[in-house]
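Participant: Structure provided below as structure tokens; questions to follow.
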Amino acid sequence: VSPRAAPKSWTIQDFDFGRELGRGRFGVVFLAREKSSRKILAIKVLAKEQLHIGGVIQQLKREVEIHSRIRHPHILPLYATFQDESKVYLVLKYAPNGDLFTRLKHAQCGRLDERTAARVMIQLINAIQTCHQHNVVHRDIKPENILLGNDDEVLLADFGWSAANVTAANRRETLCGTLDYLSPEMLDGQKYDASVDIWAIGVLMFELLVGKPAFESNDQSQTSELILNARYRIPLFVSQSAKDLIRRFLKREPSQRITLAEALEHPWIVRNNQERARNSPSAAPRSTN
Ligand SMILES: CC(=O)N[C@H]1CCN(c2c(Cl)cnc3[nH]c(-c4cn(C)nc4C)nc23)C1
């Protein structure tokens, strides 16, 4: 067996760059094609000058180290990084079906049906569970950071790179990025742990089913007030089972929140993912008791 080749270090000459996919404070994400393999990719280009000014070099190094170590079917792979004198380049998988925020915006009445939402949720919960097993808190779960691959599989992007996060211009963004997904303890400036991701998953589930975030209001101080008091209203068209799970995610007290393992056992998740198995031809013949 040939010795493991040292990972090749890429340069921009190895790629043809295409359209801009998204842009943020620290850089831009381009569609790109690796010349020899003709593989389509997304390349996040970060300006060193901006990273330095933002004092986020160390954080970016840590996140890149973690992201390249975690492999999961529902986490967007980071294939490689390289740099030149002024830029850092992150070579990422290209998600052909865009992000969940755009998908939601264009969906019927801006929201998903419960089965589709449950299929998104189960993939996201599995991805976040893997992050937590690697002691990584994502910290920035929101529809903009959830990409869609072929046949709409979920690909979680932007690992808590709140520093290097990419938010395209037409995204919902307030002064410092949307507050909608911040947990009470983060807003309160208290120490926080992985359960901030469980809170954010609850806000996301609400948004998938309702079409807007749970604590949305027309000004940030009002949003903060609602979050700090965990005050939200779930519309009547949401099923009892879904309501129950949202309530278990959005507990003000972090230790009271449902765990990801328990969430995967919740009837709303199980029922909405079981149906698919039951209908698919490959489903095991049901035992007759
Ligand atoms: C948080 C974040 O990274 N946001 C965006 C920027 C581009 N980026 C992408 C990344 Cl990092 C990877 N793949 C993507 N695919 C797309 C996309 C595809 N369509 C049809 N439209 C879009 C947009 N975007 C990406 C995700």
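Every chain in the structure tokens takes a letter, A first, then B, and so on in the order presented; its residues are numbered from 1, and the ligands are numbered from 1 following the presented order.
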Output the neighbourhood of ligand 1 as an NGL selection string, that is, all protein and nucleic acid residues with some atom at most 6 Å from the ligand, counting only C-alpha atoms and all ligand atoms.
Facilitator: :A and (21-22 or 29 or 42 or 93-98 or 144-145 or 157-158 or 166-167)
Participant: Generate the output file for the selected residues, all heavy atoms, as a short mmCIF file (atom, residue, chain, number, x, y, z; two decimals), in the first residue's frame.
Facilitator:
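out.cif written:
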data_model
loop_
_atom_site.label_atom_id
_atom_site.label_comp_id
_atom_site.auth_asym_id
_atom_site.auth_seq_id
_atom_site.Cartn_x
_atom_site.Cartn_y
_atom_site.Cartn_z
N LEU A 21 -21.85 32.93 -3.99
CA LEU A 21 -22.98 32.20 -3.38
C LEU A 21 -23.51 32.92 -2.15
O LEU A 21 -24.66 32.74 -1.76
CB LEU A 21 -22.53 30.79 -3.00
CG LEU A 21 -22.21 29.85 -4.16
CD1 LEU A 21 -21.53 28.59 -3.65
CD2 LEU A 21 -23.49 29.49 -4.91
N GLY A 22 -22.63 33.66 -1.50
CA GLY A 22 -23.04 34.37 -0.29
C GLY A 22 -21.89 35.24 0.18
O GLY A 22 -20.75 35.03 -0.23
N VAL A 29 -18.32 33.60 -0.35
CA VAL A 29 -18.30 32.19 -0.75
C VAL A 29 -18.59 32.11 -2.24
O VAL A 29 -19.59 32.68 -2.71
CB VAL A 29 -19.35 31.36 0.03
CG1 VAL A 29 -19.26 29.90 -0.38
CG2 VAL A 29 -19.14 31.50 1.53
N ALA A 42 -17.64 24.64 -3.12
CA ALA A 42 -17.87 26.01 -2.65
C ALA A 42 -16.58 26.42 -1.96
O ALA A 42 -16.03 25.65 -1.18
CB ALA A 42 -19.03 26.05 -1.66
N LYS A 93 -17.80 21.39 0.53
CA LYS A 93 -18.73 20.73 -0.40
C LYS A 93 -19.72 21.78 -0.88
O LYS A 93 -20.11 22.68 -0.13
CB LYS A 93 -19.48 19.61 0.33
CG LYS A 93 -20.57 18.94 -0.53
CD LYS A 93 -21.42 17.98 0.31
CE LYS A 93 -22.56 17.34 -0.48
NZ LYS A 93 -22.14 16.56 -1.65
N TYR A 94 -20.12 21.69 -2.15
CA TYR A 94 -21.15 22.59 -2.68
C TYR A 94 -22.51 21.92 -2.46
O TYR A 94 -22.72 20.77 -2.87
CB TYR A 94 -20.94 22.83 -4.18
CG TYR A 94 -22.10 23.53 -4.85
CD1 TYR A 94 -22.44 24.85 -4.53
CD2 TYR A 94 -22.90 22.89 -5.80
CE1 TYR A 94 -23.51 25.51 -5.13
CE2 TYR A 94 -23.97 23.52 -6.40
CZ TYR A 94 -24.28 24.83 -6.06
OH TYR A 94 -25.35 25.47 -6.65
N ALA A 95 -23.41 22.62 -1.77
CA ALA A 95 -24.77 22.10 -1.54
C ALA A 95 -25.65 22.61 -2.68
O ALA A 95 -25.91 23.81 -2.76
CB ALA A 95 -25.28 22.60 -0.20
N PRO A 96 -26.08 21.72 -3.56
CA PRO A 96 -26.75 22.16 -4.79
C PRO A 96 -28.13 22.78 -4.59
O PRO A 96 -28.61 23.48 -5.47
CB PRO A 96 -26.84 20.89 -5.63
CG PRO A 96 -26.72 19.77 -4.68
CD PRO A 96 -25.92 20.26 -3.51
N ASN A 97 -28.76 22.54 -3.43
CA ASN A 97 -30.12 23.07 -3.29
C ASN A 97 -30.25 24.23 -2.32
O ASN A 97 -31.30 24.44 -1.73
CB ASN A 97 -31.08 21.93 -2.91
CG ASN A 97 -31.33 21.03 -4.11
OD1 ASN A 97 -31.38 21.52 -5.24
ND2 ASN A 97 -31.42 19.74 -3.89
N GLY A 98 -29.16 24.98 -2.17
CA GLY A 98 -29.24 26.24 -1.42
C GLY A 98 -29.48 26.04 0.07
O GLY A 98 -29.14 25.00 0.61
N GLU A 144 -30.34 29.95 7.78
CA GLU A 144 -29.29 30.38 6.83
C GLU A 144 -28.10 29.44 6.84
O GLU A 144 -27.39 29.32 5.86
CB GLU A 144 -28.78 31.79 7.19
CG GLU A 144 -29.79 32.91 7.00
CD GLU A 144 -30.65 33.16 8.24
OE1 GLU A 144 -31.01 32.20 8.93
OE2 GLU A 144 -30.98 34.32 8.48
N ASN A 145 -27.88 28.77 7.99
CA ASN A 145 -26.71 27.90 8.12
C ASN A 145 -27.02 26.44 7.85
O ASN A 145 -26.19 25.56 8.10
CB ASN A 145 -26.12 28.03 9.54
CG ASN A 145 -25.40 29.35 9.70
OD1 ASN A 145 -25.09 30.01 8.72
ND2 ASN A 145 -25.14 29.75 10.93
N ALA A 157 -23.91 23.86 8.10
CA ALA A 157 -22.72 24.62 7.73
C ALA A 157 -22.33 25.58 8.84
O ALA A 157 -23.07 25.77 9.79
CB ALA A 157 -23.00 25.41 6.45
N ASP A 158 -21.13 26.18 8.66
CA ASP A 158 -20.74 27.29 9.53
C ASP A 158 -20.76 26.99 11.01
O ASP A 158 -21.57 27.52 11.75
CB ASP A 158 -21.63 28.50 9.26
CG ASP A 158 -20.81 29.47 8.46
OD1 ASP A 158 -19.61 29.57 8.78
OD2 ASP A 158 -21.34 30.05 7.55
N VAL A 166 -20.98 33.70 7.25
CA VAL A 166 -21.31 34.34 5.98
C VAL A 166 -22.81 34.58 5.98
O VAL A 166 -23.57 33.64 6.10
CB VAL A 166 -20.96 33.40 4.81
CG1 VAL A 166 -21.35 34.04 3.50
CG2 VAL A 166 -19.50 33.06 4.87
N THR A 167 -23.23 35.85 5.93
CA THR A 167 -24.68 36.04 5.77
C THR A 167 -24.86 36.84 4.49
O THR A 167 -24.36 37.94 4.38
CB THR A 167 -25.25 36.87 6.95
OG1 THR A 167 -24.38 37.96 7.13
CG2 THR A 167 -25.32 36.04 8.22
#
Participant: Residues near Phe249 of chain A, anyone? I mean within 8 Å using only C-alpha atoms, not counting same-chain ones fewer than 2 positions away, as a list in words.
Facilitator: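 That gives Ile198, Trp199, Ile201, Gly202, Leu245, Ile246, Arg247, Lys251, Arg257 and Ile258 of chain A.
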Participant: Restricting it to N, CA and C atoms, dump the selection as a PDB file, in the first residue's frame.
Facilitator:
ATOM      1  N   ILE A 198     -29.712  23.324  21.795  1.00  0.00           N
ATOM      2  CA  ILE A 198     -31.025  22.672  21.938  1.00  0.00           C
ATOM      3  C   ILE A 198     -32.119  23.729  21.892  1.00  0.00           C
ATOM      4  N   TRP A 199     -31.890  24.860  22.526  1.00  0.00           N
ATOM      5  CA  TRP A 199     -32.806  26.003  22.455  1.00  0.00           C
ATOM      6  C   TRP A 199     -32.979  26.431  20.988  1.00  0.00           C
ATOM      7  N   ILE A 201     -32.475  24.779  18.281  1.00  0.00           N
ATOM      8  CA  ILE A 201     -33.192  23.757  17.499  1.00  0.00           C
ATOM      9  C   ILE A 201     -34.702  23.924  17.710  1.00  0.00           C
ATOM     10  N   GLY A 202     -35.079  24.319  18.920  1.00  0.00           N
ATOM     11  CA  GLY A 202     -36.501  24.586  19.215  1.00  0.00           C
ATOM     12  C   GLY A 202     -37.012  25.791  18.441  1.00  0.00           C
ATOM     13  N   LEU A 245     -43.262  18.962  21.602  1.00  0.00           N
ATOM     14  CA  LEU A 245     -41.802  18.897  21.415  1.00  0.00           C
ATOM     15  C   LEU A 245     -41.177  20.295  21.426  1.00  0.00           C
ATOM     16  N   ILE A 246     -41.843  21.266  20.779  1.00  0.00           N
ATOM     17  CA  ILE A 246     -41.321  22.649  20.800  1.00  0.00           C
ATOM     18  C   ILE A 246     -41.187  23.123  22.248  1.00  0.00           C
ATOM     19  N   ARG A 247     -42.232  22.837  23.065  1.00  0.00           N
ATOM     20  CA  ARG A 247     -42.199  23.287  24.464  1.00  0.00           C
ATOM     21  C   ARG A 247     -41.038  22.660  25.232  1.00  0.00           C
ATOM     22  N   LYS A 251     -37.335  25.415  26.894  1.00  0.00           N
ATOM     23  CA  LYS A 251     -37.420  25.619  28.347  1.00  0.00           C
ATOM     24  C   LYS A 251     -36.416  26.716  28.711  1.00  0.00           C
ATOM     25  N   ARG A 257     -34.235  21.480  29.551  1.00  0.00           N
ATOM     26  CA  ARG A 257     -34.507  21.207  28.127  1.00  0.00           C
ATOM     27  C   ARG A 257     -34.373  19.714  27.822  1.00  0.00           C
ATOM     28  N   ILE A 258     -35.197  19.258  26.873  1.00  0.00           N
ATOM     29  CA  ILE A 258     -35.118  17.856  26.423  1.00  0.00           C
ATOM     30  C   ILE A 258     -33.716  17.618  25.859  1.00  0.00           C
TER      31      ILE A 258
END
Participant: Would you pick out the contacts of Leu156 of chain A at 7 Å or less, using only C-alpha atoms, so that residues sharing its chain but fewer than 6 positions from it are not included, and give the list as a PDB file with N, CA, C and O atoms, in the first residue's frame?
Facilitator:
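Result written to around27.pdb:
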ATOM      1  N   HIS A  74     -24.663  14.648   7.687  1.00  0.00           N
ATOM      2  CA  HIS A  74     -25.444  15.891   7.697  1.00  0.00           C
ATOM      3  C   HIS A  74     -24.657  17.094   8.179  1.00  0.00           C
ATOM      4  O   HIS A  74     -25.231  18.079   8.646  1.00  0.00           O
ATOM      5  N   ILE A  75     -23.326  16.999   8.062  1.00  0.00           N
ATOM      6  CA  ILE A  75     -22.461  18.145   8.331  1.00  0.00           C
ATOM      7  C   ILE A  75     -21.690  18.443   7.044  1.00  0.00           C
ATOM      8  O   ILE A  75     -21.099  17.532   6.454  1.00  0.00           O
ATOM      9  N   LEU A  76     -21.753  19.693   6.602  1.00  0.00           N
ATOM     10  CA  LEU A  76     -21.087  20.068   5.353  1.00  0.00           C
ATOM     11  C   LEU A  76     -19.583  19.807   5.470  1.00  0.00           C
ATOM     12  O   LEU A  76     -18.940  20.366   6.365  1.00  0.00           O
ATOM     13  N   ASN A 145     -27.883  28.770   7.990  1.00  0.00           N
ATOM     14  CA  ASN A 145     -26.708  27.898   8.123  1.00  0.00           C
ATOM     15  C   ASN A 145     -27.017  26.438   7.853  1.00  0.00           C
ATOM     16  O   ASN A 145     -26.188  25.565   8.103  1.00  0.00           O
ATOM     17  N   ILE A 146     -28.252  26.175   7.387  1.00  0.00           N
ATOM     18  CA  ILE A 146     -28.615  24.788   7.075  1.00  0.00           C
ATOM     19  C   ILE A 146     -28.776  24.688   5.562  1.00  0.00           C
ATOM     20  O   ILE A 146     -29.677  25.292   4.975  1.00  0.00           O
ATOM     21  N   LEU A 147     -27.846  23.945   4.941  1.00  0.00           N
ATOM     22  CA  LEU A 147     -27.847  23.840   3.485  1.00  0.00           C
ATOM     23  C   LEU A 147     -28.548  22.560   3.060  1.00  0.00           C
ATOM     24  O   LEU A 147     -28.742  21.657   3.887  1.00  0.00           O
TER      25      LEU A 147
END
Participant: Can you list, as a list in words, every protein, DNA or RNA residue that comes within 10 Å of segment 252-254 of chain A when you count only C-alpha atoms, leaving out same-chain residues fewer than 5 positions away?
Facilitator: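 In the requested format, the answer is Ser183, Pro184, Glu185, Tyr192, Asp193, Ala194, Ser195, Val196, Ile198, Trp199, Ile227, Leu228, Asn229, Ala230, Arg231 and Arg247 of chain A.
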Participant: Which one is closest to Leu100 of chain A: A:Lys61, A:His134, A:Lys142, A:Arg69? Count only C-alpha atoms.
Facilitator: A:Lys142
Participant: Report, in Å to a single decimal, how far apart atom CA of Ile125 of chain A and atom CA of Tyr232 of chain A are.
Facilitator: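 So the two atoms, atom CA of Tyr232 of chain A and atom CA of Ile125 of chain A, lie 22.0 Å apart.
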Participant: Given only C-alpha atoms as the basis, pick out the residue of A:Ser224, A:Gln59, A:Gln123, A:Ser217 nearest to Met186 of chain A.
Facilitator: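 Using only C-alpha atoms, the shortest distance to Met186 of chain A belongs to A:Ser224.
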Participant: Going by DSSP on the backbone, which bits of segment 35-219 of chain A are helix (DSSP H, G or I)? Write them as number ranges by chain, please.
Facilitator: A: 48-53, 57-69, 100-105, 108-110, 114-133, 143-145, 150-152, 184-187, 195-210
Participant: For atom CA of Ile122 of chain A and atom CA of Glu65 of chain A, determine how far apart the two atoms are, in Å to one decimal place.
Facilitator: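 For atom CA of Ile122 of chain A relative to atom CA of Glu65 of chain A, the distance reads 25.9 Å.
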Participant: Give me the residues near segment 236-244 of chain A as a VMD selection string, where near means some atom within 9 Å (using only C-alpha atoms) and where sequence neighbours in that chain fewer than 3 positions away do not count.
Facilitator: chain A and resid 114 205 to 206 209 to 210 247 to 249 266 to 269
Participant: Restrict the selected residues to C-alpha atoms and save them as a PDB file, in the first residue's frame.
Facilitator:
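Result went into result.pdb, see below:
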ATOM      1  CA  GLU A 114     -45.040  18.531   9.489  1.00  0.00           C
ATOM      2  CA  MET A 205     -38.574  23.798  14.645  1.00  0.00           C
ATOM      3  CA  PHE A 206     -41.026  26.593  15.464  1.00  0.00           C
ATOM      4  CA  LEU A 209     -43.781  24.862  11.179  1.00  0.00           C
ATOM      5  CA  VAL A 210     -44.994  28.439  11.663  1.00  0.00           C
ATOM      6  CA  ARG A 247     -42.199  23.287  24.464  1.00  0.00           C
ATOM      7  CA  ARG A 248     -39.620  20.722  25.576  1.00  0.00           C
ATOM      8  CA  PHE A 249     -36.880  22.439  23.509  1.00  0.00           C
ATOM      9  CA  HIS A 266     -40.301  11.854  20.745  1.00  0.00           C
ATOM     10  CA  PRO A 267     -43.520  10.621  19.053  1.00  0.00           C
ATOM     11  CA  TRP A 268     -43.585  13.596  16.648  1.00  0.00           C
ATOM     12  CA  ILE A 269     -40.103  12.691  15.348  1.00  0.00           C
TER      13      ILE A 269
END
Participant: Got a sec: who's within 12 Å of Arg38 of chain A, counting only C-alpha atoms, leaving out chain neighbours fewer than 6 positions off, as a list in words?
Facilitator: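 Close residues of Arg38 of chain A: Asp14, Phe15, Asp16, Phe17 and Ala32 of chain A.
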Participant: Using the selection just defined, write its residues with C-alpha atoms as an mmCIF file, in the first residue's frame.
Facilitator:
data_model
loop_
_atom_site.group_PDB
_atom_site.id
_atom_site.type_symbol
_atom_site.label_atom_id
_atom_site.label_comp_id
_atom_site.auth_asym_id
_atom_site.auth_seq_id
_atom_site.Cartn_x
_atom_site.Cartn_y
_atom_site.Cartn_z
ATOM 1 C CA ASP A 14 -6.151 24.824 -9.191
ATOM 2 C CA PHE A 15 -9.706 26.203 -9.422
ATOM 3 C CA ASP A 16 -12.027 28.007 -11.822
ATOM 4 C CA PHE A 17 -14.139 30.437 -9.771
ATOM 5 C CA ALA A 32 -15.823 26.838 -7.935
#
Participant: May I have all residues of segment 97-272 of chain A that DSSP, computed from the backbone, assigns to strand (DSSP E or B), given as a VMD selection string?
Facilitator: chain A and resid 99 146 to 148 154 to 156 175 177
Participant: I'd like the neighbourhood of Gln220 of chain A as a compact mmCIF listing (two decimals) with C-alpha atoms, in the first residue's frame, where a residue qualifies if any of its atoms comes within 9 Å (using only C-alpha atoms), though same-chain residues fewer than 3 positions away should be ignored.
Facilitator:
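Saved file selection10.txt follows:
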# COMPACT_ATOMS: atom_id res chain seq x y z
CA THR A 174 -30.34 43.01 12.34
CA THR A 178 -30.47 38.15 14.10
CA LEU A 179 -31.18 37.77 17.84
CA ASP A 180 -34.01 35.36 17.08
CA GLU A 216 -39.78 37.64 16.32
CA SER A 217 -40.96 41.19 16.91
CA THR A 223 -37.33 40.26 21.00
CA SER A 224 -34.86 40.15 23.91
CA GLU A 225 -37.73 40.58 26.39
